[in-house]
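Read through the structure below, which is laid out as structure tokens, and then see the notes.
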Amino acid sequence: MTSTAARELTDPLAQRSLEVLQAGQAPSGALIASPAFDVYRYAWLRDGAFCAHALDVAGANDAARRWHDWVLTSIEAHRQLIASATEIAHAGQAPPAAMPPARYTLDGRLETPDEEDPWPNFQLDGYGMWLWALEQHLAGDTLPPSYEPAVELVAAYLSAAWPLRCFNCWEELDGGIHASTLASAYAGLCAAARLLGDERWSAAAESVRAFLLTHLVRDGRFRRGPDDERLDGSLLWLGVPFGVVPPDHPALRATVDAVRRDLTGPDGGVYRYRGDTYYGGGEWLLLTSSLGWHDATVGNGEGFERAQAWVRAQALPNGDLPEQVTRHAQEPAMVEPWQRRWGTIATPLLWSHAMYLIAEAAR
Ligand code: BGC
């Protein structure tokens, strides 16, 4: 990707966001989820993909490339695990306990499992998001040959495993089939098809899309899962950036309207979903910027400004952005138990900064 694609980002929070992302990059190239929250001292593919894209749109293309190189190395180091998960998924068997991880250590290894509190690692979406971010990073350049085997491996994994029940982007199982996970798999498969010029992956992407449109739309809008009628902030991504449907598609428009109406707190922040109790289920900055990103893309300047102004208002005096704010938590009684368990809400969260930057660049 050339830096000509980068926009000049002049506002102080955009500058600070770039600093936070750069400071959160390990020498290996990994991007930590949050440097100040012990449970988030890992590198998630999901968070990292958006952070790398933010680095690209802010012109820090070299840092983005180092993240992609780190993903490539980490994936190659676990080729056997990913290949055997693909075979098992092809055979239609239930996934074993060891599936490719959602998060790696900063040096690209598997974490030592915590026997008492194991991490729900089987999450497909990050693998799709990596391919999506990689194509964005290349911005029309050809895929370097050193990447081809890993892109092929991940595309094969996504195309075999997408029908399996896995944990969603919030690391929760619920029904096991989730619209935003499928949308990430769709976007990743489309990217792989274009990068490798291989129609197998576009055919697989089409199957995922058909499933989404057949089973995940009801009463004219998208919903969380085939048996879960609820809305979810992550449904925004089905339009921007994953392109399952264009942002002006009626089902997407109805979904965005519903998010605005039913998932937005009294002061304008977006909840993950109704019934969320994590740290009381507050308003999430990265989702509010996702709404801003959508609005910027469809030319809704007022919606964009409202969303980004709300995010700006949540910044700490030093410009750091938290994961969520609990002023209007859905379950205020659940804030303190989480604080006792894991500490103060993750701040800065790199992904919050990334989404703010990406939305700013889309204005
Ligand atoms: C969120 C995930 C995120 C992880 C690290 C979790 O609480 O639900 O979406 O990837 O934190 O930021």
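Every chain in the structure tokens has a letter given in the order shown (A, B, ...), and although residue numbers restart at 1 in each chain, ligands are simply numbered from 1 in the order shown.
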With the cut-off set at 10 Å and counting only C-alpha atoms and all ligand atoms, tabulate each residue of chain A with an atom at most that distance from an atom of ligand 1, showing the nearest atom pair and its distance in Å to one decimal, ordered by chain and increasing number, as JSON lines.
{"residue": "A:Ile32", "atom": "CA", "partner": "ligand 1", "partner_atom_place_in_ligand_line": "12 (O)", "distance": 8.7}
{"residue": "A:Ala33", "atom": "CA", "partner": "ligand 1", "partner_atom_place_in_ligand_line": "12 (O)", "distance": 5.0}
{"residue": "A:Ser34", "atom": "CA", "partner": "ligand 1", "partner_atom_place_in_ligand_line": "12 (O)", "distance": 7.0}
{"residue": "A:Phe37", "atom": "CA", "partner": "ligand 1", "partner_atom_place_in_ligand_line": "12 (O)", "distance": 9.7}
{"residue": "A:Val39", "atom": "CA", "partner": "ligand 1", "partner_atom_place_in_ligand_line": "5 (C)", "distance": 8.4}
{"residue": "A:Tyr40", "atom": "CA", "partner": "ligand 1", "partner_atom_place_in_ligand_line": "5 (C)", "distance": 5.8}
{"residue": "A:Arg41", "atom": "CA", "partner": "ligand 1", "partner_atom_place_in_ligand_line": "5 (C)", "distance": 8.8}
{"residue": "A:Tyr42", "atom": "CA", "partner": "ligand 1", "partner_atom_place_in_ligand_line": "5 (C)", "distance": 8.1}
{"residue": "A:Ala43", "atom": "CA", "partner": "ligand 1", "partner_atom_place_in_ligand_line": "5 (C)", "distance": 8.2}
{"residue": "A:Trp44", "atom": "CA", "partner": "ligand 1", "partner_atom_place_in_ligand_line": "10 (O)", "distance": 6.1}
{"residue": "A:Leu45", "atom": "CA", "partner": "ligand 1", "partner_atom_place_in_ligand_line": "10 (O)", "distance": 8.0}
{"residue": "A:Arg46", "atom": "CA", "partner": "ligand 1", "partner_atom_place_in_ligand_line": "10 (O)", "distance": 5.8}
{"residue": "A:Asp47", "atom": "CA", "partner": "ligand 1", "partner_atom_place_in_ligand_line": "10 (O)", "distance": 5.4}
{"residue": "A:Gly48", "atom": "CA", "partner": "ligand 1", "partner_atom_place_in_ligand_line": "10 (O)", "distance": 8.7}
{"residue": "A:Ala102", "atom": "CA", "partner": "ligand 1", "partner_atom_place_in_ligand_line": "10 (O)", "distance": 8.3}
{"residue": "A:Arg103", "atom": "CA", "partner": "ligand 1", "partner_atom_place_in_ligand_line": "10 (O)", "distance": 8.3}
{"residue": "A:Gln123", "atom": "CA", "partner": "ligand 1", "partner_atom_place_in_ligand_line": "10 (O)", "distance": 9.9}
{"residue": "A:Gly126", "atom": "CA", "partner": "ligand 1", "partner_atom_place_in_ligand_line": "10 (O)", "distance": 8.7}
{"residue": "A:Asn168", "atom": "CA", "partner": "ligand 1", "partner_atom_place_in_ligand_line": "9 (O)", "distance": 8.1}
{"residue": "A:Cys169", "atom": "CA", "partner": "ligand 1", "partner_atom_place_in_ligand_line": "9 (O)", "distance": 4.8}
{"residue": "A:Trp170", "atom": "CA", "partner": "ligand 1", "partner_atom_place_in_ligand_line": "8 (O)", "distance": 3.3}
{"residue": "A:Glu171", "atom": "CA", "partner": "ligand 1", "partner_atom_place_in_ligand_line": "8 (O)", "distance": 5.4}
{"residue": "A:Glu172", "atom": "CA", "partner": "ligand 1", "partner_atom_place_in_ligand_line": "8 (O)", "distance": 7.9}
{"residue": "A:Ser234", "atom": "CA", "partner": "ligand 1", "partner_atom_place_in_ligand_line": "9 (O)", "distance": 9.6}
{"residue": "A:Arg272", "atom": "CA", "partner": "ligand 1", "partner_atom_place_in_ligand_line": "8 (O)", "distance": 9.1}
{"residue": "A:Tyr278", "atom": "CA", "partner": "ligand 1", "partner_atom_place_in_ligand_line": "7 (O)", "distance": 8.0}
{"residue": "A:Tyr279", "atom": "CA", "partner": "ligand 1", "partner_atom_place_in_ligand_line": "7 (O)", "distance": 9.6}
{"residue": "A:Leu286", "atom": "CA", "partner": "ligand 1", "partner_atom_place_in_ligand_line": "9 (O)", "distance": 9.8}
{"residue": "A:Glu323", "atom": "CA", "partner": "ligand 1", "partner_atom_place_in_ligand_line": "12 (O)", "distance": 7.6}
{"residue": "A:Gln324", "atom": "CA", "partner": "ligand 1", "partner_atom_place_in_ligand_line": "7 (O)", "distance": 9.9}
{"residue": "A:Ile345", "atom": "CA", "partner": "ligand 1", "partner_atom_place_in_ligand_line": "7 (O)", "distance": 9.7}
{"residue": "A:Ala346", "atom": "CA", "partner": "ligand 1", "partner_atom_place_in_ligand_line": "12 (O)", "distance": 8.1}
{"residue": "A:Leu349", "atom": "CA", "partner": "ligand 1", "partner_atom_place_in_ligand_line": "12 (O)", "distance": 6.8}
{"residue": "A:Leu350", "atom": "CA", "partner": "ligand 1", "partner_atom_place_in_ligand_line": "12 (O)", "distance": 7.8}
{"residue": "A:Trp351", "atom": "CA", "partner": "ligand 1", "partner_atom_place_in_ligand_line": "12 (O)", "distance": 6.8}
{"residue": "A:Ser352", "atom": "CA", "partner": "ligand 1", "partner_atom_place_in_ligand_line": "12 (O)", "distance": 8.9}
Extract, using only C-alpha atoms, all DNA, RNA and protein residues at most 8 Å from Gln330 of chain A, discarding same-chain residues fewer than 3 positions from it, and format them as a tab-separated table (two decimals) with all heavy atoms, in the first residue's frame.
chain	number	residue	atom	x	y	z
A	274	ARG	N	-28.41	-6.11	23.57
A	274	ARG	CA	-29.25	-6.02	24.76
A	274	ARG	C	-29.05	-7.27	25.60
A	274	ARG	O	-29.08	-8.39	25.07
A	274	ARG	CB	-30.72	-5.87	24.37
A	274	ARG	CG	-31.05	-4.53	23.78
A	274	ARG	CD	-31.06	-3.46	24.87
A	274	ARG	NE	-31.06	-2.12	24.29
A	274	ARG	CZ	-30.82	-1.01	24.99
A	274	ARG	NH1	-30.54	-1.07	26.28
A	274	ARG	NH2	-30.85	0.15	24.39
A	275	GLY	N	-28.83	-7.07	26.90
A	275	GLY	CA	-28.61	-8.21	27.77
A	275	GLY	C	-27.14	-8.43	28.07
A	275	GLY	O	-26.79	-9.34	28.82
A	276	ASP	N	-26.26	-7.60	27.49
A	276	ASP	CA	-24.83	-7.71	27.75
A	276	ASP	C	-24.57	-7.35	29.23
A	276	ASP	O	-25.10	-6.36	29.73
A	276	ASP	CB	-24.11	-6.70	26.84
A	276	ASP	CG	-22.59	-6.79	26.91
A	276	ASP	OD1	-22.07	-7.72	27.55
A	276	ASP	OD2	-21.93	-5.90	26.31
A	277	THR	N	-23.77	-8.17	29.90
A	277	THR	CA	-23.47	-7.87	31.31
A	277	THR	C	-21.97	-7.67	31.56
A	277	THR	O	-21.58	-7.43	32.69
A	277	THR	CB	-23.97	-9.00	32.24
A	277	THR	OG1	-23.33	-10.22	31.86
A	277	THR	CG2	-25.48	-9.16	32.18
A	280	GLY	N	-21.01	-4.67	33.14
A	280	GLY	CA	-22.31	-4.00	33.21
A	280	GLY	C	-22.97	-3.77	31.85
A	280	GLY	O	-24.10	-3.32	31.78
A	281	GLY	N	-22.25	-4.10	30.77
A	281	GLY	CA	-22.87	-3.91	29.44
A	281	GLY	C	-23.02	-2.45	29.09
A	281	GLY	O	-24.13	-1.94	28.89
A	282	GLY	N	-21.89	-1.74	29.01
A	282	GLY	CA	-21.92	-0.31	28.68
A	282	GLY	C	-21.88	-0.06	27.18
A	282	GLY	O	-22.09	-0.97	26.37
_Which residues are near Val270 of chain A? Cut-off 6 Å, only C-alpha atoms, ignore same chain within fewer than 3 positions. Put them as a PyMOL selection string._
chain A and resi 263-264+283-284+287-288
Writer output for current selection, all heavy atoms, as a JSON list (two decimals), in the first residue's frame:
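Output below, filename part_35.json:
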[["chain", "number", "residue", "atom", "x", "y", "z"],
["A", 263, "LEU", "N", -30.12, 0.21, 19.99],
["A", 263, "LEU", "CA", -28.85, -0.19, 20.62],
["A", 263, "LEU", "C", -27.99, 1.01, 20.99],
["A", 263, "LEU", "O", -26.82, 0.85, 21.31],
["A", 263, "LEU", "CB", -28.04, -1.09, 19.68],
["A", 263, "LEU", "CG", -28.24, -2.60, 19.77],
["A", 263, "LEU", "CD1", -27.13, -3.32, 19.00],
["A", 263, "LEU", "CD2", -28.26, -3.09, 21.21],
["A", 264, "THR", "N", -28.57, 2.19, 20.89],
["A", 264, "THR", "CA", -27.80, 3.39, 21.20],
["A", 264, "THR", "C", -28.23, 3.91, 22.56],
["A", 264, "THR", "O", -29.43, 4.01, 22.83],
["A", 264, "THR", "CB", -28.00, 4.44, 20.08],
["A", 264, "THR", "OG1", -27.62, 3.83, 18.85],
["A", 264, "THR", "CG2", -27.14, 5.66, 20.30],
["A", 283, "GLU", "N", -21.60, 1.20, 26.84],
["A", 283, "GLU", "CA", -21.53, 1.61, 25.43],
["A", 283, "GLU", "C", -20.08, 1.44, 24.95],
["A", 283, "GLU", "O", -19.15, 1.85, 25.65],
["A", 283, "GLU", "CB", -21.97, 3.07, 25.29],
["A", 283, "GLU", "CG", -23.41, 3.31, 25.69],
["A", 283, "GLU", "CD", -23.62, 4.73, 26.21],
["A", 283, "GLU", "OE1", -23.19, 5.02, 27.35],
["A", 283, "GLU", "OE2", -24.18, 5.54, 25.47],
["A", 284, "TRP", "N", -19.94, 0.87, 23.78],
["A", 284, "TRP", "CA", -18.61, 0.53, 23.24],
["A", 284, "TRP", "C", -18.15, 1.58, 22.23],
["A", 284, "TRP", "O", -18.87, 1.89, 21.27],
["A", 284, "TRP", "CB", -18.64, -0.86, 22.61],
["A", 284, "TRP", "CG", -18.53, -1.94, 23.66],
["A", 284, "TRP", "CD1", -19.32, -2.09, 24.76],
["A", 284, "TRP", "CD2", -17.53, -2.97, 23.73],
["A", 284, "TRP", "NE1", -18.89, -3.18, 25.52],
["A", 284, "TRP", "CE2", -17.80, -3.73, 24.90],
["A", 284, "TRP", "CE3", -16.46, -3.33, 22.93],
["A", 284, "TRP", "CZ2", -17.02, -4.83, 25.28],
["A", 284, "TRP", "CZ3", -15.68, -4.42, 23.30],
["A", 284, "TRP", "CH2", -15.96, -5.16, 24.47],
["A", 287, "LEU", "N", -17.73, 0.35, 18.53],
["A", 287, "LEU", "CA", -18.99, 0.19, 17.80],
["A", 287, "LEU", "C", -19.57, 1.54, 17.41],
["A", 287, "LEU", "O", -20.17, 1.69, 16.34],
["A", 287, "LEU", "CB", -20.00, -0.61, 18.63],
["A", 287, "LEU", "CG", -19.69, -2.09, 18.73],
["A", 287, "LEU", "CD1", -20.68, -2.78, 19.66],
["A", 287, "LEU", "CD2", -19.71, -2.75, 17.34],
["A", 288, "THR", "N", -19.38, 2.52, 18.28],
["A", 288, "THR", "CA", -19.89, 3.86, 17.96],
["A", 288, "THR", "C", -19.12, 4.40, 16.74],
["A", 288, "THR", "O", -19.73, 4.96, 15.82],
["A", 288, "THR", "CB", -19.74, 4.77, 19.19],
["A", 288, "THR", "OG1", -20.27, 4.07, 20.32],
["A", 288, "THR", "CG2", -20.51, 6.07, 18.99]]
*asked:* Give me, as an NGL selection string, all polymer residues having an atom no more than 12 Å from Leu182 of chain A, counting only C-alpha atoms and skipping those fewer than 4 positions away in the same chain.
replied: :A and (123-129 or 158-159 or 161-169 or 176-178 or 186-189 or 204-213 or 215-216 or 224-226 or 234-235 or 237-238 or 242-244)
Per-residue DSSP, segment 100-211 of chain A, filtered to helix (DSSP H, G or I), as a short mmCIF file (atom, residue, chain, number, x, y, z; two decimals) with C-alpha atoms, in the first residue's frame:
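Resulting contents of out.cif:
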data_model
loop_
_atom_site.label_atom_id
_atom_site.label_comp_id
_atom_site.auth_asym_id
_atom_site.auth_seq_id
_atom_site.Cartn_x
_atom_site.Cartn_y
_atom_site.Cartn_z
CA ASP A 125 -13.71 -14.34 12.49
CA GLY A 126 -10.14 -13.13 13.08
CA TYR A 127 -8.84 -15.34 10.26
CA GLY A 128 -11.29 -13.77 7.82
CA MET A 129 -10.45 -10.33 9.12
CA TRP A 130 -6.75 -10.93 8.57
CA LEU A 131 -7.32 -11.69 4.87
CA TRP A 132 -9.61 -8.68 4.56
CA ALA A 133 -6.99 -6.37 6.14
CA LEU A 134 -4.22 -7.91 4.05
CA GLU A 135 -5.98 -7.10 0.80
CA GLN A 136 -6.65 -3.59 2.05
CA HIS A 137 -3.00 -3.24 2.95
CA LEU A 138 -1.86 -4.34 -0.49
CA PRO A 145 4.80 -14.99 -3.14
CA SER A 146 5.97 -15.63 0.45
CA TYR A 147 2.36 -15.02 1.57
CA GLU A 148 0.64 -17.32 -0.91
CA PRO A 149 0.82 -20.58 1.09
CA ALA A 150 -0.53 -18.95 4.28
CA VAL A 151 -3.36 -17.19 2.45
CA GLU A 152 -4.28 -20.49 0.80
CA LEU A 153 -4.13 -22.32 4.15
CA VAL A 154 -6.40 -19.79 5.86
CA ALA A 155 -8.84 -19.68 2.93
CA ALA A 156 -9.10 -23.48 3.02
CA TYR A 157 -9.66 -23.36 6.78
CA LEU A 158 -12.40 -20.73 6.48
CA SER A 159 -14.11 -22.50 3.63
CA ALA A 160 -14.22 -25.80 5.55
CA ALA A 161 -14.97 -24.47 9.04
CA ALA A 179 -23.81 -13.16 11.47
CA SER A 180 -20.69 -11.08 12.04
CA THR A 181 -18.43 -14.16 12.12
CA LEU A 182 -19.90 -15.35 8.83
CA ALA A 183 -19.50 -11.88 7.36
CA SER A 184 -15.82 -11.91 8.33
CA ALA A 185 -15.38 -15.34 6.72
CA TYR A 186 -17.14 -14.03 3.62
CA ALA A 187 -14.87 -10.99 3.37
CA GLY A 188 -11.76 -13.09 3.97
CA LEU A 189 -12.71 -15.63 1.31
CA CYS A 190 -13.45 -12.88 -1.22
CA ALA A 191 -10.06 -11.32 -0.47
CA ALA A 192 -8.30 -14.69 -0.87
CA ALA A 193 -10.08 -15.33 -4.16
CA ARG A 194 -8.87 -12.03 -5.58
CA LEU A 195 -5.35 -12.23 -4.12
CA LEU A 196 -4.76 -15.78 -5.34
CA GLU A 199 -12.34 -19.28 -7.86
CA ARG A 200 -12.67 -21.96 -5.19
CA TRP A 201 -12.62 -19.24 -2.57
CA SER A 202 -15.16 -17.00 -4.32
CA ALA A 203 -17.48 -19.99 -4.61
CA ALA A 204 -17.08 -20.66 -0.88
CA ALA A 205 -17.72 -16.97 -0.15
CA GLU A 206 -20.93 -17.15 -2.17
CA SER A 207 -22.12 -20.10 -0.06
CA VAL A 208 -21.49 -18.12 3.11
CA ARG A 209 -23.35 -15.14 1.70
CA ALA A 210 -26.29 -17.25 0.60
CA PHE A 211 -26.48 -18.75 4.09
#
*Atom-to-atom span, atom CA of Leu106 of chain A and atom CA of Ser74 of chain A, Å*: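 If I compute the distance from atom CA of Leu106 of chain A to atom CA of Ser74 of chain A, I get 9.7 Å.
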Output as a short mmCIF file (atom, residue, chain, number, x, y, z; two decimals) with C-alpha atoms, in the first residue's frame all residues of segment 20-240 of chain A that backbone DSSP marks as strand (DSSP E).
data_model
loop_
_atom_site.label_atom_id
_atom_site.label_comp_id
_atom_site.auth_asym_id
_atom_site.auth_seq_id
_atom_site.Cartn_x
_atom_site.Cartn_y
_atom_site.Cartn_z
CA ALA A 43 -2.43 -10.22 20.13
CA TRP A 44 -5.86 -11.02 18.73
CA ARG A 103 -5.21 -14.76 20.04
CA TYR A 104 -1.49 -15.45 20.08
CA VAL A 217 -32.39 -12.07 7.80
CA ARG A 218 -35.82 -11.95 9.34
CA ARG A 221 -33.24 -7.04 8.86
CA PHE A 222 -30.17 -8.98 9.93
#
*Quick one: everything within 9 Å of Ser28 of chain A, counting only C-alpha atoms, minus sequence neighbours fewer than 3 positions away in the same chain. Send it as a list in words.*
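Surrounding residues, per the criterion: Gln25, Leu31, Arg66, Trp67, Asp69, Trp70, Leu106, Asp107 and Gly108 of chain A.
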Selected residues written out with N, CA, C and O atoms, as a PDB file, in the first residue's frame:
ATOM      1  N   GLN A  25       2.721  -1.768  19.458  1.00  0.00           N
ATOM      2  CA  GLN A  25       3.299  -2.782  18.561  1.00  0.00           C
ATOM      3  C   GLN A  25       4.576  -3.330  19.173  1.00  0.00           C
ATOM      4  O   GLN A  25       5.511  -2.586  19.481  1.00  0.00           O
ATOM      5  N   LEU A  31       0.415  -6.699  17.570  1.00  0.00           N
ATOM      6  CA  LEU A  31      -0.260  -5.552  18.191  1.00  0.00           C
ATOM      7  C   LEU A  31      -1.016  -6.065  19.412  1.00  0.00           C
ATOM      8  O   LEU A  31      -1.901  -6.924  19.300  1.00  0.00           O
ATOM      9  N   ARG A  66       4.517  -4.743   9.157  1.00  0.00           N
ATOM     10  CA  ARG A  66       5.153  -5.578  10.185  1.00  0.00           C
ATOM     11  C   ARG A  66       4.128  -6.451  10.902  1.00  0.00           C
ATOM     12  O   ARG A  66       4.412  -7.571  11.291  1.00  0.00           O
ATOM     13  N   TRP A  67       2.915  -5.932  11.069  1.00  0.00           N
ATOM     14  CA  TRP A  67       1.865  -6.775  11.675  1.00  0.00           C
ATOM     15  C   TRP A  67       1.521  -7.943  10.740  1.00  0.00           C
ATOM     16  O   TRP A  67       1.438  -9.090  11.177  1.00  0.00           O
ATOM     17  N   ASP A  69       3.387  -9.314   8.525  1.00  0.00           N
ATOM     18  CA  ASP A  69       4.512 -10.267   8.531  1.00  0.00           C
ATOM     19  C   ASP A  69       4.468 -11.136   9.788  1.00  0.00           C
ATOM     20  O   ASP A  69       4.761 -12.331   9.748  1.00  0.00           O
ATOM     21  N   TRP A  70       4.091 -10.507  10.904  1.00  0.00           N
ATOM     22  CA  TRP A  70       3.981 -11.270  12.161  1.00  0.00           C
ATOM     23  C   TRP A  70       2.861 -12.319  12.052  1.00  0.00           C
ATOM     24  O   TRP A  70       3.041 -13.464  12.479  1.00  0.00           O
ATOM     25  N   LEU A 106       2.562 -12.381  22.118  1.00  0.00           N
ATOM     26  CA  LEU A 106       3.186 -11.354  21.267  1.00  0.00           C
ATOM     27  C   LEU A 106       4.318 -11.923  20.425  1.00  0.00           C
ATOM     28  O   LEU A 106       4.681 -11.354  19.397  1.00  0.00           O
ATOM     29  N   ASP A 107       4.857 -13.073  20.848  1.00  0.00           N
ATOM     30  CA  ASP A 107       5.878 -13.678  19.990  1.00  0.00           C
ATOM     31  C   ASP A 107       5.301 -14.800  19.126  1.00  0.00           C
ATOM     32  O   ASP A 107       6.034 -15.643  18.601  1.00  0.00           O
ATOM     33  N   GLY A 108       3.980 -14.765  18.960  1.00  0.00           N
ATOM     34  CA  GLY A 108       3.355 -15.636  17.964  1.00  0.00           C
ATOM     35  C   GLY A 108       3.166 -17.076  18.393  1.00  0.00           C
ATOM     36  O   GLY A 108       2.981 -17.964  17.558  1.00  0.00           O
TER      37      GLY A 108
END
*At what distance in Å, to one decimal, does atom CA of Leu357 of chain A lie from atom CA of Ala14 of chain A?*
5.7 Å
*Name the closest residue to Ala251 of chain A among the candidates A:Gly268, A:Gly239, A:Gly299, A:Gly319; distances are taken between atoms, counting only C-alpha atoms.*
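Closest to Ala251 of chain A, using only C-alpha atoms: A:Gly239.
Reported to one decimal place, the separation of atom CA of Gly175 of chain A from atom CA of Asp219 of chain A is 19.6 Å.
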